[in-house]
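Some notes on the structure that comes next.
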Amino acid sequence: MSVEPPRMEEPRERSRRDTALRIALPVAVLALCVLAWDLAVRLTETPAYKVPGPGLVFATLVSDWTILSASLLVTLTTTFEALGLAVAGGVALAILFSQSRLVEYSLYPYAVILQVTPVVAIAPLLLIYLPQPAAVLACAWIVAFFPVLANTTLGLSSVDRNLVDLFALYGASRAKVLLHLRLPAALPAMLAGVRIAGGLSLIGAVVAEIAAGSAGAGSGLAYRIAESGYRLMIPRMFAALLLLSLAGIAIFFALSLLSHLVLRRWHESALSPER
Amino acid sequence: MSGPTPIVSLRGVGKAFAAVVALDQFDFAVREREFVSLLGPSGCGKSTALRLIAGLAAPTSGAIEWRDGRKPARGALGFVFQEPTLMPWASVSGNVQLPLRLLGLDRAAAGERVATALAGVGLADFARAYPRELSGGMKMRVSIARALATAPQLLLMDEPFAALDEITRFRLANDLLRLWQALGKTVVFVTHSVFESVFLSSRIVVMTPRPGRVFAEILIDAPYPREESFRTSPEYAGFCRRVSQALAQAMAGGDA
C-alpha cells in the first residue's frame with residue numbers, strides 16, 4: 001500500500017452510511033411530495049375528477065387491480081419481447097459490423113435513421129400495415145435496438161491492442177478472437193446499452209399503445225390511460241400512470257442488478273469504492 | 001559464444017512507419033540459451049525489432065532467418081508486454097491457460113501446465129484470483145507465467161519491468177534469471193535501463209536512435225547464477241560504466 005491521505009472514518013463505515021443516505025433521502029422526498037399533494041388537494045377541495053388525492057389513487061389501484069394488472073401484463077410482455085429482440089438484433093448486427101467493414105458502412109446509416117425518426121410518427125403507419133400487437137412490438141423494438149447496437153459496436157472495437165497481438169501470436173482464428181476476446185471485452189458496454197434499452201422499450205411500447213389506442217383496440221396500460229381519459233376516470237389514469245412508472249423503475253433496477261452480477265468480479269464499474 | 005547457428009538472425013532489416021524510419025540496416029542474431037538485451041533510448045526501434053521477431057509486424061526491407069529455415073510453430077515463442085496485458089474478466093489461471101487453449105489443448109491437459117507455470121513464478125496460491133486483486137508485480141508474474149505456459153524456446157520481453165517500482169523490479173529480475181537458468185530458455189529482453197540489462201544479460205546490444213541500428217555489442221561474462229551480491233560488486237559497476245559509455249556514444253552518434 002502506498003501512502004494514503006488521512007481519512008476521517010473507516011471507508012467501510014462511510015460507504016455504508018452513503019448507501020443509507022442514498023436510499024433514505026429519495027424516500028423522504030417522495031413522502032414529502034405525497035404529503036404536499038394530499039394537503040393541496042384537501043385544502044383547495046379540488047374535486048377528484050380534476051386531481052385525485054394520493055389516497056384515492058391508491059384505493060383505485062386496489063379496486064381496479066383486476067383490469068390494471070391484466071393491462072400491466074400486456075405492456076410488460078410487449079416490453080420484454082421488444083427488449084429481447086433488441087438485444088438479439090443489436091448484438092448480432094454489432095458482431096456483423098465488427099467482422100465486416102463493408103457491412104458496417106452499408107447499414108450503419110440506416111440504423112441511425114431508424115433511431116432519429118420519432119417513433120410516434122412511425123407508429124400510425126406501422127398500425128396500418130401490421131396487426132396491432134406486431135405493430136406495437138415493432139415500435140418498441142425500433143426504439144430499444146439502437147443503444148444496444150451502438151454500445152456493443154463500441155465495446156467490440158475497444159479491445160486492448162496488446163491482447164489482440166497476443167491472440168495473433170498464438171494464431172487464433174477470427175472466431176476465437178471474437179469469442180474469447182472481443183465479446184468479453186464488449187460486455188460492460190453491451191450491458192450499459194441493454195440498461196438503456198430496457199427503459200426505452202417500455203417507452204416504445206407505451207407510445208405505440210397510445211397511437212393504437214386512439215384507433216380503438218388494445219388493452220395495455222397506456223391504452224388504459226387513454227381510455228380512462230376519454231371516460232373521465234381520472235383516478236384510474238393516475239393509478240395506471242403509477243403502475244407504469246413503477247414498472248419502469250423495476251426494469252431499470254433489474255437490469256442494473258444483472259449488469260452488476262455479471263461484471264462484479266472484474267469490471268471497474270462494479271467495484272465497491274473501498275480498496 | 002559464437003559456436004552454433006543462431007536461433008534467429010535479422011539481416012539488414014529495415015522498418016519504416018509512414019514518415020518514421022524505426023529500424024535501418026539492423027543486424028542482430030539470437031543464440032541458443034543466451035540472455036540478450038536490446039538497450040537504447042525510447043524511439044530507437046528496439047520494441048519494433050522484438051515485434052518483427054515475434055511476427056507481429058513485417059520488415060520493410062531485409063530478412064529474418066530462422067535456424068531451420070521455418071518460422072517457429074505456434075507456441076514456440078513467448079511474448080511479455082510492457083503492461084501485464086491480462087484479460088480482466090478471466091482469473092489468473094484462465095489467463096495463463098489462454099495460450100494453451102488457443103493451441104487447442106482441452107481444459108484438463110492445460111490444467112497441469114498452468115499449475116507448473118504458476119508455481120514457477122511463485123503464484124501457485126493465486127490461481128483463482130482475478131487480475132484486479134493483484135499488485136503490479138504479481139500481474140507481471142502472471143504475464144510471464146502465461147508466456148511460459150506453452151514451454152516456448154524463445155522468450156521475447158518488451159520492457160516488462162519498466163512500470164514497476166525498484167524493489168519489485170529487483171525481485172522479478174532475480175526470479176527471471178532463476179527461471180531462465182532452470183528452464184534453459186533463450187531470452188531477448190528490451191530495456192532502456194543500463195543497470196537492469198547488465199544484471200540480467202549475457203550479452204547487450206546497444207542501439208542508436210532514429211534510425212535504430214546496432215552501435216555496440218558488449219559481452220557481460222560474469223558467471224551465473226547472479227545473486228543480489230552481484231548488484232553491489234565492483235565487477236557490476238565496471239560493466240555498467242562500459243555500457244553507459246557505449247549508450248552515451250550511441251546517442252551522440254545517432255543525433256549527429
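We label chains A, B, ... in the order they appear in the C-alpha cells, count residues from 1 in each chain, and number ligands from 1 in the order shown.
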
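Here the residues within range 98-127 of chain B that DSSP labels alpha helix (DSSP H) on the basis of the backbone are Leu98, Pro99, Leu100, Arg101, Leu102, Arg107, Ala108, Ala109, Ala110, Gly111, Glu112, Arg113, Val114, Ala115, Thr116, Ala117, Leu118, Ala119 and Gly120 of chain B.
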
For those residues, write C-alpha atoms to a file as a PDB file, in the first residue's frame.
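What ended up in selection-v2.pdb:
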```pdb
ATOM      1  CA  LEU B  98      -5.254 -18.831 -22.768  1.00  0.00           C
ATOM      2  CA  PRO B  99      -2.254 -19.707 -24.992  1.00  0.00           C
ATOM      3  CA  LEU B 100      -2.777 -23.415 -24.374  1.00  0.00           C
ATOM      4  CA  ARG B 101      -6.484 -23.184 -25.195  1.00  0.00           C
ATOM      5  CA  LEU B 102      -5.696 -21.213 -28.338  1.00  0.00           C
ATOM      6  CA  ARG B 107      -9.006 -27.786 -20.088  1.00  0.00           C
ATOM      7  CA  ALA B 108      -7.690 -30.910 -18.389  1.00  0.00           C
ATOM      8  CA  ALA B 109      -4.498 -31.088 -20.426  1.00  0.00           C
ATOM      9  CA  ALA B 110      -3.900 -27.376 -19.955  1.00  0.00           C
ATOM     10  CA  GLY B 111      -4.513 -27.504 -16.205  1.00  0.00           C
ATOM     11  CA  GLU B 112      -1.281 -29.238 -15.317  1.00  0.00           C
ATOM     12  CA  ARG B 113       0.857 -26.897 -17.401  1.00  0.00           C
ATOM     13  CA  VAL B 114      -0.915 -23.888 -15.917  1.00  0.00           C
ATOM     14  CA  ALA B 115      -0.126 -25.145 -12.414  1.00  0.00           C
ATOM     15  CA  THR B 116       3.535 -25.643 -13.335  1.00  0.00           C
ATOM     16  CA  ALA B 117       3.825 -22.207 -14.909  1.00  0.00           C
ATOM     17  CA  LEU B 118       2.181 -20.521 -11.919  1.00  0.00           C
ATOM     18  CA  ALA B 119       4.380 -22.390  -9.454  1.00  0.00           C
ATOM     19  CA  GLY B 120       7.400 -21.244 -11.465  1.00  0.00           C
TER      20      GLY B 120
END
```

Mind dumping a table of every chain A residue within 12 Å of chain B, with the nearest atom pair and its distance in Å to one decimal, using only C-alpha atoms, sorted by chain and rising number, as a tab-separated table?
```
residue	atom	partner	partner_atom	distance
A:Met1	CA	B:Ser135	CA	9.4
A:Ser2	CA	B:Asp165	CA	11.3
A:Val159	CA	B:Met87	CA	10.1
A:Asp160	CA	B:Thr85	CA	7.6
A:Arg161	CA	B:Thr85	CA	9.1
A:Asn162	CA	B:Thr85	CA	6.4
A:Leu163	CA	B:Thr85	CA	6.2
A:Val164	CA	B:Thr85	CA	9.9
A:Asp165	CA	B:Leu56	CA	6.7
A:Leu166	CA	B:Phe79	CA	7.6
A:Phe167	CA	B:Leu102	CA	7.8
A:Ala168	CA	B:Leu56	CA	7.4
A:Leu169	CA	B:Leu56	CA	6.9
A:Tyr170	CA	B:Arg74	CA	5.3
A:Gly171	CA	B:Arg74	CA	6.5
A:Ala172	CA	B:Leu102	CA	6.0
A:Ser173	CA	B:Leu102	CA	8.7
A:Arg174	CA	B:Leu102	CA	11.5
A:Ala175	CA	B:Leu102	CA	11.1
A:Lys176	CA	B:Leu102	CA	7.8
A:Val177	CA	B:Leu102	CA	9.5
A:Leu179	CA	B:Leu102	CA	11.4
A:His180	CA	B:Leu98	CA	8.9
A:Leu181	CA	B:Met87	CA	8.1
A:Arg182	CA	B:Met87	CA	10.7
A:Leu183	CA	B:Trp89	CA	10.8
A:Pro184	CA	B:Trp89	CA	7.1
A:Ala185	CA	B:Trp89	CA	7.9
A:Ala186	CA	B:Trp89	CA	10.8
A:Leu187	CA	B:Trp89	CA	9.6
A:Pro188	CA	B:Trp89	CA	10.4
A:Val262	CA	B:Trp89	CA	9.9
A:Leu263	CA	B:Trp89	CA	8.0
A:Arg264	CA	B:Trp89	CA	9.6
A:Arg265	CA	B:Tyr130	CA	7.3
A:Trp266	CA	B:Trp89	CA	5.4
A:His267	CA	B:Pro88	CA	7.2
A:Glu268	CA	B:Arg132	CA	8.8
A:Ala270	CA	B:Arg132	CA	11.9
A:Leu271	CA	B:Arg132	CA	9.9
A:Arg275	CA	B:Glu133	CA	9.4
```

Save the residues we just selected, N, CA and C atoms, as a CSV table (one decimal), in the first residue's frame?
```csv
chain,number,residue,atom,x,y,z
A,1,MET,N,0.8,-1.2,0.0
A,1,MET,CA,0.0,0.0,0.0
A,1,MET,C,0.9,1.3,0.0
A,2,SER,N,0.5,2.2,-0.8
A,2,SER,CA,1.3,3.4,-0.8
A,2,SER,C,0.7,4.4,0.2
A,159,VAL,N,-10.8,-2.9,-27.7
A,159,VAL,CA,-10.1,-4.0,-27.2
A,159,VAL,C,-8.6,-3.7,-27.0
A,160,ASP,N,-8.0,-4.1,-25.9
A,160,ASP,CA,-6.6,-3.9,-25.7
A,160,ASP,C,-5.8,-4.4,-26.9
A,161,ARG,N,-5.0,-3.5,-27.5
A,161,ARG,CA,-4.3,-3.9,-28.7
A,161,ARG,C,-3.2,-5.0,-28.5
A,162,ASN,N,-2.6,-4.9,-27.3
A,162,ASN,CA,-1.7,-5.9,-26.9
A,162,ASN,C,-2.3,-7.3,-26.8
A,163,LEU,N,-3.5,-7.3,-26.3
A,163,LEU,CA,-4.2,-8.6,-26.3
A,163,LEU,C,-4.5,-9.1,-27.7
A,164,VAL,N,-4.9,-8.2,-28.6
A,164,VAL,CA,-5.1,-8.6,-30.0
A,164,VAL,C,-3.8,-9.2,-30.5
A,165,ASP,N,-2.7,-8.6,-30.2
A,165,ASP,CA,-1.4,-9.1,-30.7
A,165,ASP,C,-1.1,-10.5,-30.1
A,166,LEU,N,-1.4,-10.6,-28.8
A,166,LEU,CA,-1.2,-11.9,-28.1
A,166,LEU,C,-2.0,-13.0,-28.8
A,167,PHE,N,-3.3,-12.7,-29.1
A,167,PHE,CA,-4.1,-13.7,-29.8
A,167,PHE,C,-3.5,-14.0,-31.2
A,168,ALA,N,-2.9,-13.0,-31.9
A,168,ALA,CA,-2.3,-13.2,-33.2
A,168,ALA,C,-1.1,-14.1,-33.0
A,169,LEU,N,-0.3,-13.9,-32.0
A,169,LEU,CA,0.9,-14.6,-31.7
A,169,LEU,C,0.6,-16.1,-31.7
A,170,TYR,N,-0.5,-16.5,-31.1
A,170,TYR,CA,-0.8,-17.9,-31.0
A,170,TYR,C,-1.7,-18.3,-32.1
A,171,GLY,N,-1.8,-17.5,-33.1
A,171,GLY,CA,-2.5,-17.9,-34.3
A,171,GLY,C,-4.0,-18.1,-34.1
A,172,ALA,N,-4.7,-17.3,-33.3
A,172,ALA,CA,-6.1,-17.5,-33.0
A,172,ALA,C,-6.9,-17.1,-34.2
A,173,SER,N,-7.9,-17.9,-34.5
A,173,SER,CA,-8.8,-17.6,-35.6
A,173,SER,C,-9.7,-16.4,-35.3
A,174,ARG,N,-10.4,-15.9,-36.3
A,174,ARG,CA,-11.3,-14.7,-36.1
A,174,ARG,C,-12.4,-15.1,-35.1
A,175,ALA,N,-12.9,-16.3,-35.2
A,175,ALA,CA,-14.0,-16.8,-34.4
A,175,ALA,C,-13.5,-16.8,-32.9
A,176,LYS,N,-12.2,-17.3,-32.7
A,176,LYS,CA,-11.7,-17.4,-31.4
A,176,LYS,C,-11.5,-16.0,-30.8
A,177,VAL,N,-10.9,-15.1,-31.6
A,177,VAL,CA,-10.7,-13.7,-31.2
A,177,VAL,C,-12.1,-13.1,-30.7
A,179,LEU,N,-14.9,-14.7,-29.8
A,179,LEU,CA,-15.5,-15.4,-28.7
A,179,LEU,C,-14.7,-15.2,-27.4
A,180,HIS,N,-13.4,-15.2,-27.4
A,180,HIS,CA,-12.6,-15.2,-26.2
A,180,HIS,C,-12.1,-13.8,-25.9
A,181,LEU,N,-12.1,-12.9,-26.9
A,181,LEU,CA,-11.5,-11.6,-26.6
A,181,LEU,C,-12.6,-10.4,-26.8
A,182,ARG,N,-13.1,-10.3,-28.0
A,182,ARG,CA,-13.9,-9.2,-28.3
A,182,ARG,C,-15.2,-9.2,-27.5
A,183,LEU,N,-15.9,-10.3,-27.5
A,183,LEU,CA,-17.2,-10.3,-26.8
A,183,LEU,C,-17.1,-10.1,-25.3
A,184,PRO,N,-16.1,-10.8,-24.6
A,184,PRO,CA,-16.0,-10.4,-23.2
A,184,PRO,C,-15.6,-9.0,-23.0
A,185,ALA,N,-14.7,-8.5,-23.8
A,185,ALA,CA,-14.3,-7.1,-23.7
A,185,ALA,C,-15.4,-6.1,-23.9
A,186,ALA,N,-16.4,-6.5,-24.7
A,186,ALA,CA,-17.5,-5.7,-25.1
A,186,ALA,C,-18.6,-5.7,-24.0
A,187,LEU,N,-18.6,-6.7,-23.1
A,187,LEU,CA,-19.7,-7.0,-22.2
A,187,LEU,C,-20.1,-5.7,-21.4
A,188,PRO,N,-19.2,-5.0,-20.8
A,188,PRO,CA,-19.6,-3.8,-20.0
A,188,PRO,C,-20.4,-2.8,-20.8
A,262,VAL,N,-23.0,-9.7,-13.4
A,262,VAL,CA,-22.2,-10.2,-14.5
A,262,VAL,C,-20.8,-9.7,-14.4
A,263,LEU,N,-20.7,-8.4,-14.0
A,263,LEU,CA,-19.4,-7.7,-14.0
A,263,LEU,C,-18.7,-7.7,-12.7
A,264,ARG,N,-19.3,-8.1,-11.6
A,264,ARG,CA,-18.8,-7.7,-10.3
A,264,ARG,C,-17.4,-8.2,-10.0
A,265,ARG,N,-17.0,-9.4,-10.7
A,265,ARG,CA,-15.7,-9.9,-10.3
A,265,ARG,C,-14.6,-9.2,-11.0
A,266,TRP,N,-14.9,-8.4,-12.1
A,266,TRP,CA,-13.7,-7.8,-12.8
A,266,TRP,C,-13.8,-6.4,-13.2
A,267,HIS,N,-15.0,-5.9,-13.4
A,267,HIS,CA,-15.0,-4.6,-14.0
A,267,HIS,C,-15.1,-3.4,-13.1
A,268,GLU,N,-14.3,-2.3,-13.4
A,268,GLU,CA,-14.2,-1.2,-12.5
A,268,GLU,C,-15.6,-0.6,-12.1
A,270,ALA,N,-18.2,-2.1,-11.4
A,270,ALA,CA,-19.0,-2.9,-10.4
A,270,ALA,C,-18.2,-3.0,-9.1
A,271,LEU,N,-17.1,-2.3,-9.0
A,271,LEU,CA,-16.3,-2.4,-7.8
A,271,LEU,C,-16.8,-1.5,-6.7
A,275,ARG,N,-11.0,-0.2,-1.1
A,275,ARG,CA,-9.9,-1.0,-1.8
A,275,ARG,C,-9.2,-1.8,-0.7
```

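Here CA of Ala111 in chain A and CA of Pro133 in chain A stand 22.8 Å from one another.
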
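Coordinates place CA of Val8 in chain B at a distance of 20.5 Å from CA of Cys44 in chain B.
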
If we count only C-alpha atoms and set the cut-off at 8 Å, which residues sit around range 16-21 of chain B, ignoring sequence neighbours fewer than 5 positions away in its own chain? Please answer as a ChimeraX atom specification. /B:60,210-212

The selected residues should be written to file as a PDB file, in the first residue's frame (atoms: C-alpha atoms).
```pdb
ATOM      1  CA  THR B  60      10.073  -3.210 -44.855  1.00  0.00           C
ATOM      2  CA  ARG B 210      16.413   7.147 -35.287  1.00  0.00           C
ATOM      3  CA  PRO B 211      17.082   5.074 -37.246  1.00  0.00           C
ATOM      4  CA  GLY B 212      17.707   2.119 -34.966  1.00  0.00           C
TER       5      GLY B 212
END
```

What's around Phe215 in chain B at 8 Å? Count only C-alpha atoms, leave out sequence neighbours fewer than 4 positions away in its own chain, and write the answer as a PDB file with C-alpha atoms, in the first residue's frame.
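What ended up in out.pdb:
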```pdb
ATOM      1  CA  VAL B 205      23.277  -4.895 -27.907  1.00  0.00           C
ATOM      2  CA  VAL B 206      23.421  -1.101 -27.683  1.00  0.00           C
ATOM      3  CA  MET B 207      21.307   0.643 -30.313  1.00  0.00           C
ATOM      4  CA  THR B 208      21.400   4.100 -31.891  1.00  0.00           C
ATOM      5  CA  ALA B 246      28.592   2.963 -25.140  1.00  0.00           C
ATOM      6  CA  ALA B 250      25.346   5.793 -29.414  1.00  0.00           C
TER       7      ALA B 250
END
```

Within 10 Å of Phe199 in chain B, counting only C-alpha atoms, which residues qualify if same-chain residues fewer than 3 places away don't, as number ranges by chain? B: 170, 173-174, 177, 194-196, 202, 220, 222, 226-228, 230-231, 236, 239-240
